[in-house]
>>> print(open('data-v4.txt').read())   # compact mmCIF, C-alpha atoms
# COMPACT_ATOMS: atom_id res chain seq x y z
CA MET A 1 100.79 -26.30 101.73
CA GLY A 2 103.56 -24.64 103.74
CA PHE A 3 106.58 -25.22 105.96
CA ARG A 4 104.49 -27.37 108.32
CA ASP A 5 104.50 -30.00 105.56
CA PHE A 6 108.29 -30.24 105.79
CA LEU A 7 109.14 -33.18 108.04
CA GLY A 8 111.99 -32.98 110.56
CA ASN A 9 114.93 -30.61 111.07
CA GLU A 10 112.75 -28.00 112.73
CA THR A 11 115.74 -25.99 113.99
CA SER A 12 117.35 -25.47 110.57
CA VAL A 13 113.99 -24.64 108.99
CA ARG A 14 113.23 -22.13 111.76
CA HIS A 15 116.60 -20.39 111.30
CA LEU A 16 115.96 -20.00 107.57
CA ARG A 17 112.48 -18.63 108.17
CA GLU A 18 113.87 -16.18 110.75
CA ALA A 19 116.33 -14.99 108.09
CA LEU A 20 113.41 -14.44 105.72
CA ALA A 21 111.51 -12.51 108.39
CA ALA A 22 114.50 -10.24 108.99
CA GLN A 23 115.08 -9.91 105.23
CA ARG A 24 118.55 -11.29 105.79
CA LEU A 25 118.48 -14.45 103.71
CA PRO A 26 122.13 -15.05 102.71
CA HIS A 27 123.16 -14.25 99.15
CA SER A 28 124.62 -17.75 99.04
CA LEU A 29 123.75 -20.68 101.24
CA ILE A 30 124.50 -24.39 101.40
CA LEU A 31 121.88 -26.94 102.42
CA SER A 32 123.76 -30.08 103.44
CA GLY A 33 122.51 -33.48 104.48
CA PRO A 34 122.06 -37.07 103.28
CA ARG A 35 120.32 -37.89 100.03
CA GLY A 36 116.58 -37.72 100.58
CA ALA A 37 116.79 -35.45 103.63
CA GLY A 38 114.64 -32.84 101.86
CA LYS A 39 117.31 -30.38 100.71
CA TYR A 40 115.70 -29.75 97.34
CA THR A 41 112.19 -29.60 98.77
CA LEU A 42 113.32 -27.03 101.32
CA ALA A 43 115.11 -24.96 98.65
CA ILE A 44 111.92 -24.79 96.55
CA MET A 45 109.90 -23.88 99.66
CA LEU A 46 112.34 -21.05 100.41
CA ALA A 47 111.94 -19.74 96.86
CA GLN A 48 108.15 -19.86 97.28
CA ALA A 49 108.25 -18.13 100.68
CA ALA A 50 110.60 -15.42 99.41
CA ASN A 51 108.30 -14.63 96.48
CA CYS A 52 104.76 -15.51 97.61
CA LEU A 53 102.19 -12.94 96.46
CA ASP A 54 99.93 -13.72 99.43
CA PRO A 55 102.42 -14.47 102.25
CA LYS A 56 101.22 -16.16 105.43
CA GLN A 57 102.46 -16.47 108.99
CA THR A 58 102.66 -19.79 110.85
CA ASP A 59 104.22 -20.10 114.28
CA GLY A 60 104.97 -16.37 114.03
CA LEU A 61 107.29 -16.82 111.04
CA PRO A 62 106.97 -16.27 107.26
CA ASP A 63 105.21 -18.94 105.23
CA PHE A 64 103.81 -19.23 101.71
CA CYS A 65 100.28 -19.76 100.43
CA GLY A 66 101.08 -22.40 97.81
CA THR A 67 98.25 -21.16 95.57
CA CYS A 68 99.34 -17.79 94.12
CA SER A 69 100.85 -17.68 90.63
CA ASN A 70 104.42 -17.42 91.93
CA CYS A 71 104.01 -20.32 94.37
CA ARG A 72 102.35 -22.52 91.74
CA ARG A 73 104.94 -21.88 89.03
CA ILE A 74 107.88 -22.31 91.38
CA GLY A 75 106.23 -25.44 92.78
CA GLN A 76 106.12 -26.99 89.30
CA ALA A 77 109.87 -27.57 89.68
CA MET A 78 109.31 -29.71 92.80
CA ASP A 79 109.25 -32.96 90.77
CA LEU A 80 112.89 -32.65 89.80
CA ASP A 81 113.22 -36.04 88.09
CA ALA A 82 110.29 -35.30 85.77
CA ARG A 83 111.56 -31.82 84.89
CA VAL A 84 115.09 -33.12 84.18
CA ALA A 85 113.69 -35.89 82.00
CA GLU A 86 111.73 -33.29 80.02
CA ALA A 87 114.84 -31.11 79.59
CA VAL A 88 116.96 -34.06 78.46
CA ALA A 89 114.26 -35.16 75.99
CA ALA A 90 114.06 -31.61 74.58
CA ARG A 91 117.84 -31.53 74.15
CA ASP A 92 117.80 -34.89 72.39
CA GLU A 93 115.45 -33.42 69.77
CA LEU A 94 118.03 -30.78 68.78
CA ARG A 95 120.52 -31.05 65.93
CA ASP A 96 123.83 -32.61 66.95
CA ALA A 97 125.64 -29.29 66.53
CA ASP A 98 123.21 -27.55 68.91
CA LYS A 99 122.98 -30.49 71.31
CA ARG A 100 126.68 -30.27 72.24
CA ASP A 101 126.32 -26.67 73.40
CA THR A 102 123.00 -27.08 75.23
CA ARG A 103 123.02 -27.69 78.97
CA VAL A 104 120.19 -29.04 81.12
CA LEU A 105 118.42 -26.29 83.11
CA ILE A 106 115.02 -26.15 84.84
CA GLN A 107 113.03 -22.91 84.87
CA THR A 108 109.31 -23.01 85.62
CA HIS A 109 109.39 -19.39 86.86
CA PRO A 110 111.40 -16.62 85.14
CA ASP A 111 113.24 -15.71 88.35
CA VAL A 112 113.94 -19.18 89.76
CA LEU A 113 116.56 -21.26 87.96
CA VAL A 114 117.27 -24.86 88.97
CA ILE A 115 120.63 -26.25 87.84
CA PRO A 116 120.96 -30.06 88.02
CA PRO A 117 124.12 -32.03 87.15
CA ASP A 118 124.31 -32.35 83.38
CA PRO A 119 124.01 -35.93 82.02
CA PRO A 120 125.62 -38.25 81.15
CA GLN A 121 128.63 -37.27 83.31
CA LEU A 122 126.29 -35.89 86.00
CA LEU A 123 128.48 -32.88 86.72
CA ILE A 124 127.69 -29.17 86.99
CA LYS A 125 129.33 -27.78 83.87
CA VAL A 126 130.76 -24.39 83.05
CA GLY A 127 128.01 -23.67 80.50
CA GLN A 128 125.40 -23.96 83.25
CA VAL A 129 127.29 -21.54 85.50
CA ARG A 130 127.70 -19.12 82.59
CA THR A 131 123.93 -19.12 82.15
CA LEU A 132 123.59 -18.15 85.83
CA ILE A 133 126.17 -15.37 85.38
CA SER A 134 124.29 -13.99 82.36
CA GLU A 135 121.02 -13.83 84.32
CA ILE A 136 121.87 -13.14 87.95
CA TYR A 137 122.74 -9.45 87.59
CA ARG A 138 119.40 -8.48 86.01
CA MET A 139 116.63 -7.45 88.38
CA PRO A 140 113.86 -10.05 88.92
CA ALA A 141 110.95 -9.64 86.53
CA GLU A 142 108.12 -11.12 88.63
CA ALA A 143 109.66 -11.93 92.00
CA ARG A 144 111.13 -10.04 94.94
CA ARG A 145 114.20 -12.28 95.10
CA ALA A 146 115.73 -14.34 92.31
CA MET A 147 116.77 -17.85 93.35
CA TYR A 148 119.40 -20.07 91.72
CA ILE A 149 119.45 -23.65 93.00
CA PHE A 150 122.32 -26.08 92.28
CA THR A 151 121.02 -29.56 93.05
CA SER A 152 124.47 -31.16 93.33
CA ALA A 153 127.92 -30.31 94.68
CA ALA A 154 129.64 -32.20 91.84
CA PHE A 155 131.18 -29.31 89.90
CA MET A 156 133.68 -29.45 87.09
CA LYS A 157 136.76 -27.47 88.15
CA GLU A 158 136.22 -24.63 85.68
CA ALA A 159 132.55 -24.41 86.65
CA ALA A 160 133.42 -24.14 90.37
CA ASN A 161 135.96 -21.40 89.66
CA SER A 162 133.42 -19.48 87.58
CA LEU A 163 130.84 -19.69 90.37
CA LEU A 164 133.38 -18.43 92.88
CA LYS A 165 133.66 -15.17 90.96
CA VAL A 166 129.92 -14.57 91.36
CA LEU A 167 130.00 -15.42 95.08
CA GLU A 168 132.71 -12.78 95.62
CA GLU A 169 130.39 -10.00 94.37
CA PRO A 170 126.80 -11.28 94.69
CA PRO A 171 123.90 -9.03 93.63
CA ALA A 172 121.63 -7.87 96.45
CA HIS A 173 118.45 -9.21 94.83
CA ALA A 174 119.49 -12.87 94.40
CA THR A 175 120.30 -15.96 96.45
CA ILE A 176 122.36 -18.91 95.25
CA VAL A 177 121.50 -22.22 96.97
CA LEU A 178 123.88 -25.17 96.78
CA LEU A 179 122.70 -28.63 97.82
CA ALA A 180 125.39 -30.99 99.07
CA GLU A 181 125.44 -34.42 100.67
CA ASN A 182 129.04 -33.71 101.66
CA THR A 183 130.17 -30.08 101.88
CA GLY A 184 133.75 -31.31 101.46
CA GLU A 185 132.98 -31.73 97.74
CA LEU A 186 132.81 -27.94 97.44
CA LEU A 187 135.87 -25.72 97.23
CA PRO A 188 136.86 -24.25 100.62
CA THR A 189 136.59 -20.80 99.05
CA ILE A 190 132.96 -21.52 98.11
CA ARG A 191 132.13 -22.84 101.59
CA SER A 192 133.66 -19.76 103.21
CA ARG A 193 131.36 -17.47 101.23
CA ALA A 194 128.10 -19.25 102.02
CA GLY A 195 125.93 -19.81 105.06
CA ILE A 196 125.68 -23.52 105.86
CA PHE A 197 122.45 -25.11 107.11
CA ARG A 198 122.56 -28.81 107.91
CA LEU A 199 119.67 -31.24 107.69
CA GLY A 200 120.36 -34.10 110.07
CA ALA A 201 119.11 -37.67 110.23
CA ILE A 202 115.72 -38.44 111.78
CA PRO A 203 115.56 -41.37 114.28
CA VAL A 204 114.75 -44.77 112.79
CA GLU A 205 111.75 -45.20 115.10
CA GLN A 206 110.20 -41.94 113.88
CA ILE A 207 110.66 -42.96 110.24
CA GLU A 208 109.11 -46.38 110.94
CA GLY A 209 106.07 -44.67 112.43
CA LEU A 210 105.77 -42.40 109.41
CA LEU A 211 106.02 -45.38 107.06
CA ALA A 212 103.25 -47.14 108.99
CA GLU A 213 101.02 -44.12 108.31
CA ARG A 214 101.91 -43.42 104.69
CA ARG A 215 103.10 -46.73 103.24
CA ASN A 216 100.79 -49.31 104.71
CA GLU A 217 101.59 -51.73 101.86
CA LEU A 218 104.88 -52.47 103.64
CA LYS A 219 105.03 -55.29 106.15
CA PRO A 220 106.59 -54.56 109.59
CA ALA A 221 109.90 -56.24 108.64
CA GLU A 222 109.96 -54.26 105.37
CA ARG A 223 109.26 -51.01 107.22
CA MET A 224 112.17 -51.69 109.56
CA LEU A 225 114.47 -52.42 106.60
CA VAL A 226 113.41 -49.29 104.67
CA ALA A 227 113.73 -47.10 107.79
CA ARG A 228 117.30 -48.26 108.33
CA LEU A 229 118.29 -48.01 104.67
CA ALA A 230 116.87 -44.48 104.44
CA GLU A 231 119.66 -43.32 106.80
CA GLY A 232 117.40 -40.87 108.58
CA ALA A 233 116.12 -39.21 105.38
CA VAL A 234 112.33 -38.86 105.31
CA GLY A 235 112.02 -38.23 101.58
CA ARG A 236 114.19 -41.20 100.78
CA ALA A 237 112.11 -43.44 103.04
CA LEU A 238 108.76 -42.36 101.58
CA GLY A 239 109.94 -42.89 98.00
CA PHE A 240 112.09 -45.94 98.64
CA ASP A 241 111.75 -48.58 95.91
CA LEU A 242 112.29 -51.71 98.00
CA ALA A 243 111.96 -54.14 95.08
CA ALA A 244 114.62 -52.34 93.06
CA TRP A 245 116.87 -52.14 96.13
CA LEU A 246 116.58 -55.87 96.82
CA ALA A 247 117.49 -56.61 93.18
CA SER A 248 120.54 -54.33 93.39
CA ARG A 249 121.53 -55.83 96.72
CA ALA A 250 121.33 -59.36 95.29
CA ASP A 251 123.82 -58.39 92.57
CA ALA A 252 126.04 -56.65 95.14
CA LEU A 253 126.06 -59.84 97.21
CA THR A 254 127.04 -61.80 94.10
CA LEU A 255 130.04 -59.49 93.70
CA LEU A 256 131.10 -59.88 97.32
CA ARG A 257 130.53 -63.64 97.43
CA GLY A 258 132.52 -64.11 94.24
CA SER A 259 135.45 -62.16 95.62
CA LEU A 260 135.49 -64.41 98.71
CA GLY A 261 135.39 -67.62 96.68
CA ASP A 262 131.81 -68.43 97.68
CA SER A 263 130.41 -68.29 94.14
CA ASP A 264 131.55 -69.29 90.67
CA TRP A 265 132.54 -66.60 88.21
CA SER A 266 129.79 -67.56 85.76
CA SER A 267 127.08 -66.25 88.11
CA LEU A 268 129.05 -63.04 88.53
CA PHE A 269 129.39 -62.54 84.77
CA ARG A 270 125.70 -63.24 84.23
CA ALA A 271 124.89 -60.50 86.72
CA THR A 272 127.34 -57.86 85.48
CA GLU A 273 126.60 -58.30 81.77
CA THR A 274 123.12 -56.86 82.38
CA TYR A 275 124.66 -53.47 83.29
CA ARG A 276 124.53 -51.84 79.88
CA ALA A 277 125.07 -48.32 78.57
CA GLY A 278 122.37 -45.68 78.54
CA ALA A 279 120.26 -43.99 81.21
CA GLU A 280 118.65 -47.24 82.38
CA GLY A 281 122.04 -48.90 82.80
CA GLN A 282 123.34 -45.86 84.64
CA GLU A 283 120.46 -45.92 87.11
CA LYS A 284 120.90 -49.65 87.63
CA THR A 285 124.64 -49.28 88.24
CA GLU A 286 124.07 -46.46 90.72
CA GLY A 287 121.67 -48.72 92.62
CA LEU A 288 124.25 -51.50 92.70
CA LEU A 289 126.96 -49.15 93.99
CA ARG A 290 124.70 -47.85 96.76
CA ALA A 291 123.73 -51.38 97.78
CA ALA A 292 127.35 -52.56 97.78
CA ALA A 293 128.38 -49.55 99.86
CA SER A 294 125.69 -50.33 102.45
CA LEU A 295 126.89 -53.94 102.69
CA LEU A 296 130.50 -52.82 103.17
CA GLU A 297 129.40 -50.41 105.90
CA ASP A 298 127.58 -53.28 107.62
CA LEU A 299 130.71 -55.45 107.44
CA LEU A 300 132.64 -52.63 109.07
CA LEU A 301 130.03 -52.26 111.82
CA LEU A 302 130.06 -55.99 112.51
CA LYS A 303 133.85 -56.08 112.73
CA ALA A 304 133.70 -53.11 115.10
CA GLY A 305 131.31 -54.99 117.40
CA THR A 306 128.22 -52.81 116.80
CA PRO A 307 125.72 -55.22 115.19
CA ASP A 308 122.72 -53.16 116.36
CA LEU A 309 123.65 -50.46 113.83
CA VAL A 310 123.59 -52.76 110.80
CA ARG A 311 121.35 -51.40 108.04
CA ASN A 312 120.59 -54.77 106.45
CA PRO A 313 119.35 -56.68 109.52
CA ASP A 314 117.76 -59.44 107.43
CA LEU A 315 121.27 -60.40 106.21
CA LYS A 316 122.98 -60.14 109.57
CA LYS A 317 123.82 -63.86 109.79
CA GLU A 318 125.47 -64.01 106.35
CA LEU A 319 127.21 -60.66 106.79
CA THR A 320 128.60 -61.79 110.17
CA GLY A 321 130.25 -64.73 108.41
CA MET A 322 131.68 -62.43 105.74
CA ALA A 323 132.98 -59.99 108.35
CA GLN A 324 134.94 -62.78 110.00
CA ALA A 325 136.53 -63.68 106.65
CA VAL A 326 137.80 -60.21 105.67
CA SER A 327 140.13 -57.59 107.12
CA TYR A 328 139.66 -53.87 107.62
CA GLU A 329 142.15 -53.38 104.76
CA TRP A 330 139.97 -55.49 102.46
CA ILE A 331 136.89 -53.38 103.30
CA GLU A 332 138.86 -50.18 102.68
CA GLY A 333 140.08 -51.52 99.34
CA ALA A 334 136.54 -52.51 98.37
CA ALA A 335 135.23 -49.02 99.17
CA ARG A 336 138.05 -47.53 97.09
CA GLY A 337 137.12 -49.87 94.22
CA LEU A 338 133.50 -48.70 94.32
CA ARG A 339 134.67 -45.11 93.97
CA GLN A 340 136.75 -46.12 90.95
CA VAL A 341 133.72 -47.74 89.31
CA GLU A 342 131.71 -44.57 89.96
CA SER A 343 134.50 -42.46 88.46
CA GLY A 344 134.58 -44.76 85.43
CA MET A 345 130.86 -44.19 84.90
CA ARG A 346 131.52 -40.47 84.51
CA ARG A 347 134.09 -41.29 81.82
CA ASN A 348 131.62 -43.58 80.06
CA LEU A 349 133.67 -46.73 80.65
CA LEU A 350 131.91 -50.03 79.90
CA ARG A 351 130.02 -50.76 83.11
CA SER A 352 130.03 -54.56 82.96
CA LEU A 353 133.81 -54.63 82.51
CA SER A 354 134.30 -52.11 85.32
CA LEU A 355 132.27 -54.30 87.68
CA ASP A 356 134.12 -57.46 86.59
CA SER A 357 137.44 -55.70 87.21
CA PHE A 358 136.23 -54.55 90.63
CA ALA A 359 135.29 -58.11 91.60
CA ALA A 360 138.60 -59.49 90.32
CA GLN A 361 140.55 -56.93 92.36
CA LEU A 362 138.60 -57.86 95.47
CA ALA A 363 139.25 -61.56 94.88
CA GLY A 364 142.95 -60.89 94.51
CA SER A 365 143.09 -58.88 97.73
CA SER A 366 141.28 -61.58 99.74
CA THR A 367 143.77 -64.31 98.92
>>> encode(input="data-v4.txt", output="structure tokens")
Amino acid sequence: MGFRDFLGNETSVRHLREALAAQRLPHSLILSGPRGAGKYTLAIMLAQAANCLDPKQTDGLPDFCGTCSNCRRIGQAMDLDARVAEAVAARDELRDADKRDTRVLIQTHPDVLVIPPDPPQLLIKVGQVRTLISEIYRMPAEARRAMYIFTSAAFMKEAANSLLKVLEEPPAHATIVLLAENTGELLPTIRSRAGIFRLGAIPVEQIEGLLAERRNELKPAERMLVARLAEGAVGRALGFDLAAWLASRADALTLLRGSLGDSDWSSLFRATETYRAGAEGQEKTEGLLRAAASLLEDLLLLKAGTPDLVRNPDLKKELTGMAQAVSYEWIEGAARGLRQVESGMRRNLLRSLSLDSFAAQLAGSST
């Protein structure tokens, strides 16, 4: 186990390892890139390399052993979904009075704190930042460098302002890592105080080859579809749930067809009424929104005359017909509507009604 296991973005990884070698790892850094590009994996690897008890050298640069006590305990946080689920379950067992004041945090090593967006709103909240503030100025107990990893750039305003105060006077023994799909979500004052390392997209052909090696259950056409939908993100491609995606995409198509008069409203309502409250409904809605966004992007690409870039090539014929029936303004309005549905999810609005309203607005704009 080591940095050689990290796939792609060799330049960014090398720069970070050079900073470790020179003992000049920034006190705050931003890892940016698409979902599934490996931002979180790389952040955990950096924490392991900075604190490995039996450090190695590969390609003349610092690496970690993966087997010492620090590496193993830090590595236990690698499965983020499982650790978050455990933290949420533990919070649910608390009394209601305590539950309201308890925020989700992941800490498998005393000097490495992982801070995910707090459900159900999925925002970084001020209580989480206050926990960081209470810990960051103490010296590490078992590590050379304390690491604090924010897994999302979606901060509540007060939380972002609180973090800014720490970034202005960071302690010498700690590094704050912020993961962001879009650095524009972060305050300019936060971006200006952090080093930014970007993880770019990997070519589709390279991802297809990797899928052929590691996911041989996929047929060639399925590998091509997954490689395109992964948007150049290796982690997303390897863990891509194609069956769930196809189900979400079918519902997204129902929304779009209904708005263009190609489907009756009863089929639309049957689809949207399955989007209930709770964690399962939230995950299902997020899948629908991602699928709908990919279809809208394909419509835009087709209207722009670049069909080779379409990410849903198996639907190219149907999407070409849709693209001819809508305007650029309609696509822009649809994208804006998706953002409104996503915003409504954070305010716990009824998801089925939000989706019905979205479809009705699209239908009105297409007439």
>>> closest_residue(input="data-v4.txt", among="A:Ala335, A:Ala291, A:Leu187, A:Met139", to="His173 of chain A", atoms="only C-alpha atoms")
A:Met139
>>> closest_residue(input="data-v4.txt", among="A:Ala43, A:Ile133, A:Leu178, A:Ala89", to="Ala153 of chain A", atoms="only C-alpha atoms")
A:Leu178
>>> residues_around(input="data-v4.txt", residues="Pro110 of chain A", least_positions_apart="6", cutoff="10 Å", atoms="only C-alpha atoms", output="list in words")
Asn70, Arg73, Ile74, Pro140, Ala141, Glu142, Ala143, Ala146 and Met147 of chain A
>>> atom_distance(input="data-v4.txt", atom1="atom CA of Val126 of chain A", atom2="atom CA of Leu164 of chain A")
11.8 Å
>>> atom_distance(input="data-v4.txt", atom1="atom CA of Lys303 of chain A", atom2="atom CA of Thr183 of chain A")
28.4 Å
>>> closest_residue(input="data-v4.txt", among="A:Leu260, A:Ala49, A:Leu20, A:Ala77", to="Cys65 of chain A", atoms="all atoms listed in the file")
A:Ala49
